[in-house]
Amino acid sequence: MSQELIDRWTVFIEKVSERLDAIIQEAGQGVLAIGRAHREDSMPLNNALTGLDHRVRQLEERIDQVWDDKVEGQFSSVGGKVHDLGIDMTADAKRTHRQRWERAKASWLSTLANEAKPLALAAEAEPVACQNCGAPLALPTRRKTVSHPCGSCGTVNQVVPPAIVRAYFGAGCVNLANAASLPHRHAVEDNRVEVDRWSRARNWAAETVESMETWRDLERKVHQTYAETLASLTGEPIDTGFVESRMKHFMKYGLDMNQAWVKVHGRST
């Protein structure tokens with residue numbers, strides 16, 4: 001009876017997973033087409049992704065609905081480890097589906113950003129003439145708006161970057177940095193599940209300090225990877241302040257609230 005119950009729930013989860021695969025397959029070319037048609041305006045792409053996000057959330061809600069209304073009671077009646085297994089199967093399905101969807105979106109956005117790069121570099125290299133005399137301007141950068149005097153007539157020119165330059169070195173590079181850090185974010189999520197189940201298997205034993213140190217290191221890897229990738233793409237220095245601010249928030253609302261951690265490491269400053 002227990003195995004039949006597990007098998008039926010497995011089949012349902014697999015069907016939801018197949019539906020997610022279909023959404024990803026159907027959406028991929030459309031998302032890329034929208035992004036290519038509107039390289040300098042992210043709104044149409046963001047609107048399309050928002051609609052797809054809603055469809056994927058509906059799959060997660062469907063898992064919850066069927067579990068709550070039809071399945072959880074059956075697992076609960078068996079009880080013990082079987083009930084725990086049902087809970088874990090449900091949570092794993094939702095987490096892995098969400099992670100697969102995030103990887104798909106990151107892949108599409110990375111493709112669009114990589115395609116935009118040569119266009120941005122070409123636009124960045126185009127000469128800019130003085131609005132007054134037409135002489136070429138020796139601008140310090142094309143990636144930011146600058147006020148620059150003409151070397152020939154002295155007229156101060158207000159020069160904005162080309163739209164494709166703004167798009168790539170703005171949202172494009174951010175999307176690539178997010179994609180690079182995403183595996184580390186998923187590693188944090190998976191680690192938290194693993195620790196929770198380790199604790200449950202030991203009558204809800206407290207997490208060890210060594211495990212919390214691993215959590216801290218995984219969390220830092222997320223933000224460090226993002227900052228390093230963004231810096232490598234934009235040519236700007238690594239924003240260590242960003243990394244430390246994210247870690248400060250993590251420590252304040254995470255490890256610094258754990259007495260075992262504070263006893264060993266003290267509170268972060």
# chains A, B, ... in the order shown; residues from 1 in each chain; ligands from 1
call {"tool": "residues_around", "arguments": {"residues": "Arg200 of chain A", "least_positions_apart": "6", "cutoff": "12 Å", "atoms": "only C-alpha atoms", "output": "list in words"}}
result
Gly80, Lys81, Asp84, Leu85, Asp88, Val193, Glu194, Ala206 and Glu207 of chain A
call {"tool": "residues_around", "arguments": {"residues": "segment 108-111 of chain A", "least_positions_apart": "4", "cutoff": "7 Å", "atoms": "only C-alpha atoms", "output": "PyMOL selection string"}}
result
chain A and resi 32+104+115+175-176
call {"tool": "write_last_selection", "arguments": {"atoms": "C-alpha atoms", "output": "PDB file, in the first residue's frame"}}
result
ATOM      1  CA  LEU A  32      14.569  35.007 -27.720  1.00  0.00           C
ATOM      2  CA  ALA A 104      16.047  28.309 -18.375  1.00  0.00           C
ATOM      3  CA  GLU A 115      24.448  38.564 -28.741  1.00  0.00           C
ATOM      4  CA  ASN A 175      21.847  39.128 -16.322  1.00  0.00           C
ATOM      5  CA  LEU A 176      25.166  37.435 -17.112  1.00  0.00           C
TER       6      LEU A 176
END
call {"tool": "atom_distance", "arguments": {"atom1": "atom CA of Asn157 of chain A", "atom2": "atom CA of Leu139 of chain A"}}
result
9.9 Å
call {"tool": "closest_residue", "arguments": {"among": "A:His54, A:Arg166, A:Arg100, A:Arg202", "to": "Asp41 of chain A", "atoms": "only C-alpha atoms"}}
result
A:Arg166
call {"tool": "residues_around", "arguments": {"residues": "Arg216 of chain A", "least_positions_apart": "3", "cutoff": "9 Å", "atoms": "only C-alpha atoms", "output": "VMD selection string"}}
result
chain A and resid 211 to 213 219 to 221 247 250 to 251 255
call {"tool": "closest_atom_pairs", "arguments": {"of": "segment 80-151 of chain A", "to": "segment 60-71 of chain A", "cutoff": "10 Å", "atoms": "only C-alpha atoms", "output": "tab-separated table"}}
result
residue	atom	partner	partner_atom	distance
A:Gly86	CA	A:Val71	CA	8.6
A:Ile87	CA	A:Trp67	CA	9.0
A:Thr90	CA	A:Ile63	CA	7.3
A:Ala91	CA	A:Asp64	CA	9.3
A:Ala93	CA	A:Ile63	CA	8.4
A:Lys94	CA	A:Glu60	CA	5.9
A:Arg95	CA	A:Glu60	CA	9.1
A:His97	CA	A:Glu60	CA	8.1
A:Arg98	CA	A:Glu60	CA	8.4
call {"tool": "closest_residue", "arguments": {"among": "A:Ala187, A:Trp261, A:Cys150, A:Val165", "to": "Val209 of chain A", "atoms": "only C-alpha atoms"}}
result
A:Trp261
call {"tool": "atom_distance", "arguments": {"atom1": "atom CA of Glu26 of chain A", "atom2": "atom CA of Leu52 of chain A"}}
result
10.5 Å
call {"tool": "select_by_dssp", "arguments": {"residues": "segment 72-233 of chain A", "states": "strand (DSSP E or B)", "output": "number ranges by chain"}}
result
A: 129, 136, 146-149, 156-159
call {"tool": "write_last_selection", "arguments": {"atoms": "N, CA and C atoms", "output": "PDB file, in the first residue's frame"}}
result
ATOM      1  N   ALA A 129      30.498  63.577 -33.013  1.00  0.00           N
ATOM      2  CA  ALA A 129      30.912  64.908 -33.458  1.00  0.00           C
ATOM      3  C   ALA A 129      30.362  65.989 -32.538  1.00  0.00           C
ATOM      4  N   PRO A 136      35.395  65.874 -34.242  1.00  0.00           N
ATOM      5  CA  PRO A 136      35.259  64.662 -33.418  1.00  0.00           C
ATOM      6  C   PRO A 136      35.602  64.949 -31.959  1.00  0.00           C
ATOM      7  N   VAL A 146      28.030  62.067 -20.336  1.00  0.00           N
ATOM      8  CA  VAL A 146      29.119  62.963 -19.974  1.00  0.00           C
ATOM      9  C   VAL A 146      28.881  64.345 -20.568  1.00  0.00           C
ATOM     10  N   SER A 147      29.403  65.352 -19.879  1.00  0.00           N
ATOM     11  CA  SER A 147      29.471  66.713 -20.409  1.00  0.00           C
ATOM     12  C   SER A 147      30.923  66.944 -20.802  1.00  0.00           C
ATOM     13  N   HIS A 148      31.175  67.149 -22.108  1.00  0.00           N
ATOM     14  CA  HIS A 148      32.556  67.176 -22.584  1.00  0.00           C
ATOM     15  C   HIS A 148      32.785  68.358 -23.522  1.00  0.00           C
ATOM     16  N   PRO A 149      33.818  69.141 -23.250  1.00  0.00           N
ATOM     17  CA  PRO A 149      34.105  70.295 -24.115  1.00  0.00           C
ATOM     18  C   PRO A 149      34.771  69.863 -25.414  1.00  0.00           C
ATOM     19  N   VAL A 156      30.579  72.875 -24.854  1.00  0.00           N
ATOM     20  CA  VAL A 156      30.361  71.727 -23.969  1.00  0.00           C
ATOM     21  C   VAL A 156      29.212  70.891 -24.520  1.00  0.00           C
ATOM     22  N   ASN A 157      29.510  69.646 -24.834  1.00  0.00           N
ATOM     23  CA  ASN A 157      28.527  68.725 -25.404  1.00  0.00           C
ATOM     24  C   ASN A 157      28.012  67.772 -24.329  1.00  0.00           C
ATOM     25  N   GLN A 158      26.705  67.649 -24.278  1.00  0.00           N
ATOM     26  CA  GLN A 158      26.072  66.655 -23.405  1.00  0.00           C
ATOM     27  C   GLN A 158      25.869  65.398 -24.242  1.00  0.00           C
ATOM     28  N   VAL A 159      26.606  64.321 -23.931  1.00  0.00           N
ATOM     29  CA  VAL A 159      26.590  63.118 -24.760  1.00  0.00           C
ATOM     30  C   VAL A 159      26.093  61.931 -23.940  1.00  0.00           C
TER      31      VAL A 159
END
call {"tool": "closest_residue", "arguments": {"among": "A:Cys133, A:Leu5, A:Val222, A:Ala163", "to": "Thr145 of chain A", "atoms": "only C-alpha atoms"}}
result
A:Ala163
